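Structure first, then comments.
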Amino acid sequence: MNHRLLDIESTDQLPNAHLNQTGALFAVFDEHSQDSGNISYGVQVDRQRFFVKTAGDPSDPRPFLSHKERVALLRNAARLWRSCAHVALPRLHNDIESLHGPLLVYDWVDGELLYADRETRYKLQSAFQRFRRLPVLEILNALNQLFELHLALAQAGWIANDFYDGSLIYDFARQDIHVIDLDGYREGPFVNGMGRMFGSSRYMAPEEFERGASIDERTTVFTLGRTVANLLSDGTLARSAFRGSDAQFEVVSRACQTSREQRFASVADFYAAWLEAISGASSC
């Protein structure tokens, strides 16, 4: 397929104008659906659909991050994908420079965003709660995809930041998970220069609230442990609510230790222990 989403490196048009002339816009994600300041689009060209992410309007004063900072995060996201192309990451086809910064052209992936706001998160019909009610084996398969991705990212030097259920799209029919919006991941280790970092407190490690604290693979391990607690349990570390085995619960509990030294030292160590726990449960 040859067209102006795949075959050019730059455009002298604004993103919206370029996309309207290239294909049919079937979705827009702007300030009505999120507050980052980014504007993203669903674009169909012939029979192929794409997700195109931009840094939004430079003149919009509302976002917390400036347009320049949002552009930098998009460039970071492109660099991350190129360093770690994984099946759980939607394919990045192109990175087009426009008058308002880069247009990241990804595959469109079908499914439902698992995130729901505080008001709707606990409604039984929400994608989040429907995912939690899936058979344990199906959830474990999705978690393993997430862990394999983060192992590959860790091996490429990336540390998780601002990962939560809003980063997850799940196709319930195909039992297929994809991870999006990893713009804030950073090559590490690094020092927390913010204090309270970006992210959902339901997934964040203690050091992500402490200015001057070290952020490294142990931080990613905590986030992955909290991912299990939120998706295979009720968000707590109560054994009675956890749907996995005792061995799996022990792995999650260690990953979520407040003390960094008591966690697994690396994503590789965490994932190896997790697979051993699953293997032990399967052989019982």
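Chains: A, B, ... in order of the structure tokens. Residues: from 1 per chain. Ligands: from 1, in order shown.
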
I want to know what sits within 7 Å of segment 53-61 of chain A, based on only C-alpha atoms, with residues of the same chain fewer than 2 positions away left out; could you give that as a short mmCIF file (atom, residue, chain, number, x, y, z; two decimals) with N, CA, C and O atoms, in the first residue's frame?
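Final output, saved to result-v3.cif:
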data_model
loop_
_atom_site.label_atom_id
_atom_site.label_comp_id
_atom_site.auth_asym_id
_atom_site.auth_seq_id
_atom_site.Cartn_x
_atom_site.Cartn_y
_atom_site.Cartn_z
N GLY A 37 -3.26 16.57 26.42
CA GLY A 37 -2.93 17.57 25.42
C GLY A 37 -2.63 16.96 24.06
O GLY A 37 -2.67 17.65 23.03
N ASN A 38 -2.31 15.67 24.04
CA ASN A 38 -2.14 14.98 22.76
C ASN A 38 -3.48 14.85 22.05
O ASN A 38 -4.53 14.79 22.70
N ILE A 39 -3.45 14.81 20.74
CA ILE A 39 -4.63 14.51 19.94
C ILE A 39 -4.29 13.33 19.04
O ILE A 39 -3.28 13.36 18.33
N SER A 40 -5.13 12.30 19.09
CA SER A 40 -4.89 11.10 18.29
C SER A 40 -6.10 10.84 17.40
O SER A 40 -7.21 11.29 17.68
N TYR A 41 -5.85 10.06 16.34
CA TYR A 41 -6.88 9.84 15.33
C TYR A 41 -6.91 8.38 14.90
O TYR A 41 -5.87 7.72 14.83
N PHE A 51 -3.77 4.08 13.77
CA PHE A 51 -3.89 4.98 14.91
C PHE A 51 -2.75 5.98 14.80
O PHE A 51 -1.58 5.59 14.74
N PRO A 63 -3.11 21.74 29.03
CA PRO A 63 -2.35 20.55 29.47
C PRO A 63 -1.24 20.90 30.47
O PRO A 63 -0.66 21.98 30.43
N HIS A 67 3.68 21.92 24.92
CA HIS A 67 3.71 21.25 23.63
C HIS A 67 5.11 20.70 23.35
O HIS A 67 5.26 19.58 22.83
N ARG A 70 5.49 17.51 25.19
CA ARG A 70 4.68 16.44 24.58
C ARG A 70 5.36 15.92 23.31
O ARG A 70 5.35 14.71 23.04
N VAL A 71 5.95 16.82 22.54
CA VAL A 71 6.70 16.41 21.35
C VAL A 71 7.86 15.51 21.76
O VAL A 71 8.13 14.47 21.13
N GLY A 101 4.88 19.06 15.04
CA GLY A 101 5.63 17.96 15.60
C GLY A 101 5.31 16.64 14.93
O GLY A 101 4.65 16.60 13.88
N PRO A 102 5.75 15.53 15.51
CA PRO A 102 5.63 14.23 14.84
C PRO A 102 4.22 13.68 14.82
O PRO A 102 3.42 13.90 15.72
N LEU A 103 3.92 12.96 13.75
CA LEU A 103 2.74 12.11 13.66
C LEU A 103 3.23 10.67 13.72
O LEU A 103 3.94 10.21 12.83
N LEU A 104 2.90 9.98 14.80
CA LEU A 104 3.30 8.58 14.93
C LEU A 104 2.19 7.71 14.35
O LEU A 104 1.06 7.73 14.85
N VAL A 105 2.52 6.97 13.32
CA VAL A 105 1.52 6.18 12.60
C VAL A 105 1.63 4.71 13.02
O VAL A 105 2.56 4.00 12.62
#

DSSP on the backbone, then: every residue of segment 6-113 of chain A marked strand (DSSP E or B), written as a compact mmCIF listing (two decimals) with C-alpha atoms, in the first residue's frame.
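What landed in result.txt:
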# COMPACT_ATOMS: atom_id res chain seq x y z
CA SER A 10 7.47 15.20 6.53
CA ALA A 24 -11.11 8.86 6.34
CA LEU A 25 -11.04 9.87 10.00
CA PHE A 26 -13.27 7.51 11.97
CA ALA A 27 -12.16 8.44 15.51
CA VAL A 28 -10.69 11.44 17.32
CA PHE A 29 -9.21 11.33 20.83
CA ILE A 39 -4.63 14.51 19.94
CA SER A 40 -4.89 11.10 18.29
CA TYR A 41 -6.88 9.84 15.33
CA GLY A 42 -8.26 6.68 13.84
CA VAL A 43 -7.61 6.89 10.10
CA GLN A 44 -8.71 4.47 7.40
CA VAL A 45 -6.93 4.34 4.05
CA GLN A 48 -6.37 -0.54 6.36
CA ARG A 49 -6.87 1.31 9.64
CA PHE A 50 -4.22 3.24 11.56
CA PHE A 51 -3.89 4.98 14.91
CA VAL A 52 -2.07 8.30 14.53
CA LYS A 53 -0.82 10.13 17.61
CA THR A 54 0.19 13.80 17.67
CA LEU A 92 4.87 1.74 14.39
CA HIS A 93 4.76 2.22 10.61
CA ASN A 94 6.04 5.76 10.28
CA ASP A 95 7.09 8.96 12.06
CA ILE A 96 6.07 12.01 10.01
CA GLU A 97 7.29 15.49 10.86
CA SER A 98 4.57 18.16 10.65
CA GLY A 101 5.63 17.96 15.60
CA PRO A 102 5.63 14.23 14.84
CA LEU A 103 2.74 12.11 13.66
CA LEU A 104 3.30 8.58 14.93
CA VAL A 105 1.52 6.18 12.60
CA TYR A 106 0.68 2.90 14.38
CA ASP A 107 -1.43 -0.09 13.48
CA GLU A 112 -11.41 -2.33 24.61
CA LEU A 113 -9.37 -0.07 26.85

Next item on the list: Would you list, as a ChimeraX atom specification, the residues of segment 19-202 of chain A that end up in helix (DSSP H, G or I) under DSSP run on this structure's backbone?
Entry: /A:19-22,67-83,127-132,136-155,165-167

Could you give me, as a CSV table (one decimal) with all heavy atoms, in the first residue's frame, the residues within 10 Å of Leu143 of chain A, counting only C-alpha atoms and dropping anything in the same chain fewer than 4 positions from it?
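Result file out.csv:
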chain,number,residue,atom,x,y,z
A,137,LEU,N,-6.8,-18.8,33.6
A,137,LEU,CA,-5.8,-19.2,32.6
A,137,LEU,C,-5.7,-18.1,31.6
A,137,LEU,O,-4.6,-17.7,31.1
A,137,LEU,CB,-6.1,-20.5,32.0
A,137,LEU,CG,-5.1,-21.0,30.9
A,137,LEU,CD1,-3.7,-21.1,31.4
A,137,LEU,CD2,-5.6,-22.3,30.3
A,138,GLU,N,-6.9,-17.5,31.2
A,138,GLU,CA,-6.9,-16.4,30.2
A,138,GLU,C,-6.2,-15.2,30.7
A,138,GLU,O,-5.4,-14.5,30.0
A,138,GLU,CB,-8.3,-16.1,29.7
A,138,GLU,CG,-8.4,-15.1,28.6
A,138,GLU,CD,-9.8,-14.9,28.1
A,138,GLU,OE1,-10.6,-15.8,28.3
A,138,GLU,OE2,-10.0,-13.9,27.4
A,139,ILE,N,-6.4,-14.8,32.0
A,139,ILE,CA,-5.7,-13.7,32.5
A,139,ILE,C,-4.2,-14.0,32.6
A,139,ILE,O,-3.4,-13.1,32.3
A,139,ILE,CB,-6.3,-13.4,33.9
A,139,ILE,CG1,-7.7,-13.0,33.8
A,139,ILE,CG2,-5.5,-12.2,34.6
A,139,ILE,CD1,-8.4,-12.7,35.2
A,147,PHE,N,4.5,-9.4,30.7
A,147,PHE,CA,5.8,-9.6,31.4
A,147,PHE,C,6.9,-9.9,30.3
A,147,PHE,O,8.1,-9.4,30.5
A,147,PHE,CB,5.7,-10.8,32.3
A,147,PHE,CG,4.8,-10.6,33.5
A,147,PHE,CD1,4.2,-11.7,34.2
A,147,PHE,CD2,4.4,-9.3,33.8
A,147,PHE,CE1,3.3,-11.5,35.2
A,147,PHE,CE2,3.4,-9.1,34.9
A,147,PHE,CZ,3.0,-10.2,35.6
A,148,GLU,N,6.6,-10.6,29.3
A,148,GLU,CA,7.6,-10.9,28.2
A,148,GLU,C,8.0,-9.5,27.6
A,148,GLU,O,9.1,-9.3,27.3
A,148,GLU,CB,7.0,-11.8,27.2
A,148,GLU,CG,6.9,-13.2,27.6
A,148,GLU,CD,6.2,-14.1,26.6
A,148,GLU,OE1,5.9,-13.6,25.5
A,148,GLU,OE2,5.9,-15.3,27.0
A,149,LEU,N,7.0,-8.7,27.4
A,149,LEU,CA,7.3,-7.3,26.8
A,149,LEU,C,8.2,-6.6,27.7
A,149,LEU,O,9.2,-6.0,27.3
A,149,LEU,CB,6.0,-6.6,26.6
A,149,LEU,CG,6.1,-5.1,26.3
A,149,LEU,CD1,6.9,-4.8,25.0
A,149,LEU,CD2,4.7,-4.4,26.2
A,177,ILE,N,-4.0,-9.1,23.8
A,177,ILE,CA,-3.7,-7.9,24.6
A,177,ILE,C,-2.6,-7.0,23.9
A,177,ILE,O,-1.7,-7.6,23.3
A,177,ILE,CB,-3.3,-8.2,26.0
A,177,ILE,CG1,-3.4,-6.9,26.9
A,177,ILE,CG2,-1.9,-8.8,26.1
A,177,ILE,CD1,-3.4,-7.2,28.4
A,224,LEU,N,4.9,-4.3,37.9
A,224,LEU,CA,4.3,-5.5,37.4
A,224,LEU,C,3.6,-6.3,38.5
A,224,LEU,O,2.6,-6.9,38.2
A,224,LEU,CB,5.5,-6.3,36.8
A,224,LEU,CG,6.2,-5.7,35.6
A,224,LEU,CD1,7.3,-6.6,35.1
A,224,LEU,CD2,5.2,-5.4,34.4
A,227,THR,N,0.4,-4.8,38.8
A,227,THR,CA,-0.5,-5.2,37.7
A,227,THR,C,-1.2,-6.5,38.0
A,227,THR,O,-2.4,-6.6,37.7
A,227,THR,CB,0.3,-5.3,36.4
A,227,THR,OG1,1.0,-4.0,36.2
A,227,THR,CG2,-0.5,-5.7,35.2
A,228,VAL,N,-0.5,-7.4,38.5
A,228,VAL,CA,-1.1,-8.7,38.9
A,228,VAL,C,-2.2,-8.5,40.0
A,228,VAL,O,-3.3,-9.0,40.0
A,228,VAL,CB,-0.1,-9.7,39.4
A,228,VAL,CG1,-0.8,-11.1,39.7
A,228,VAL,CG2,1.0,-9.9,38.4
A,231,LEU,N,-5.3,-7.0,38.4
A,231,LEU,CA,-6.0,-7.7,37.3
A,231,LEU,C,-6.3,-9.2,37.7
A,231,LEU,O,-7.3,-9.7,37.2
A,231,LEU,CB,-5.1,-7.8,36.1
A,231,LEU,CG,-4.9,-6.4,35.4
A,231,LEU,CD1,-4.0,-6.6,34.2
A,231,LEU,CD2,-6.1,-5.6,35.1
A,232,LEU,N,-5.6,-9.7,38.7
A,232,LEU,CA,-5.9,-11.1,39.1
A,232,LEU,C,-6.4,-11.1,40.6
A,232,LEU,O,-6.5,-12.2,41.1
A,232,LEU,CB,-4.6,-12.0,39.0
A,232,LEU,CG,-4.8,-13.5,39.0
A,232,LEU,CD1,-5.6,-14.0,37.9
A,232,LEU,CD2,-3.4,-14.2,39.0

Notebook entry, point to check: Which is closest to Ser233 of chain A among A:His178, A:Arg202, A:Arg132, A:His150, if we use only C-alpha atoms?
Noted result: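 Answer, going by the shortest atom-to-atom distance: A:Arg132.
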
Would you kindly return, as a tab-separated table (two decimals) with C-alpha atoms, in the first residue's frame, each protein, DNA or RNA residue with an atom no farther than 10 Å from any atom of Ala173 of chain A, considering only C-alpha atoms and excluding same-chain residues fewer than 2 positions away?
chain	number	residue	atom	x	y	z
A	110	ASP	CA	-9.15	-3.82	18.00
A	111	GLY	CA	-10.32	-4.27	21.56
A	170	TYR	CA	-7.86	-6.23	25.32
A	171	ASP	CA	-9.70	-7.99	22.52
A	175	GLN	CA	-8.04	-13.08	23.76
A	176	ASP	CA	-5.39	-10.65	22.57

Checklist line | Between atom CA of Gly199 of chain A and atom CA of Val221 of chain A, distance in Å (one decimal) | finding: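 That distance, rounded to one decimal, is 15.2 Å.
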
Checklist line | Closest of A:Ala142, A:Ala268, A:Arg62, A:Phe172 to Glu31 of chain A - atom-to-atom distances counting only C-alpha atoms | finding: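 Selected residue with least distance to Glu31 of chain A: A:Arg62.
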
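Between Asn230 of chain A and the residues A:Arg121, A:Arg254, A:Arg196, A:Arg260, the shortest atom-to-atom distance, using only C-alpha atoms, involves A:Arg121.
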
Margin query: Would you compute the distance between atom CA of Trp108 of chain A and atom CA of Arg91 of chain A? Give it in Å to one decimal.
Written below: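 It comes out at 8.6 Å.
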
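For the pair atom CA of Asn161 of chain A and atom CA of Tyr185 of chain A, the separation is 4.9 Å.
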
Next item on the list: Tell me which protein, DNA and RNA residues are within 6 Å of Leu89 of chain A, counting only C-alpha atoms, leaving out same-chain ones fewer than 2 positions away, and put them as an MDAnalysis selection string.
Entry: chainID A and resid 86:87 178:179

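Between Gln257 of chain A and the candidates A:Asn192, A:Thr223, A:Ser201, A:Asn141, the tightest atom-to-atom separation, counting only C-alpha atoms, involves A:Thr223.
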
Notebook entry, point to check: Taking into account only C-alpha atoms, which residue in the set A:Asp269, A:Glu187, A:Glu210, A:Asp165 is nearest to Ala77 of chain A?
Noted result: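 Checking each of A:Asp269, A:Glu187, A:Glu210, A:Asp165 against Ala77 of chain A, counting only C-alpha atoms, the winner is A:Glu187.
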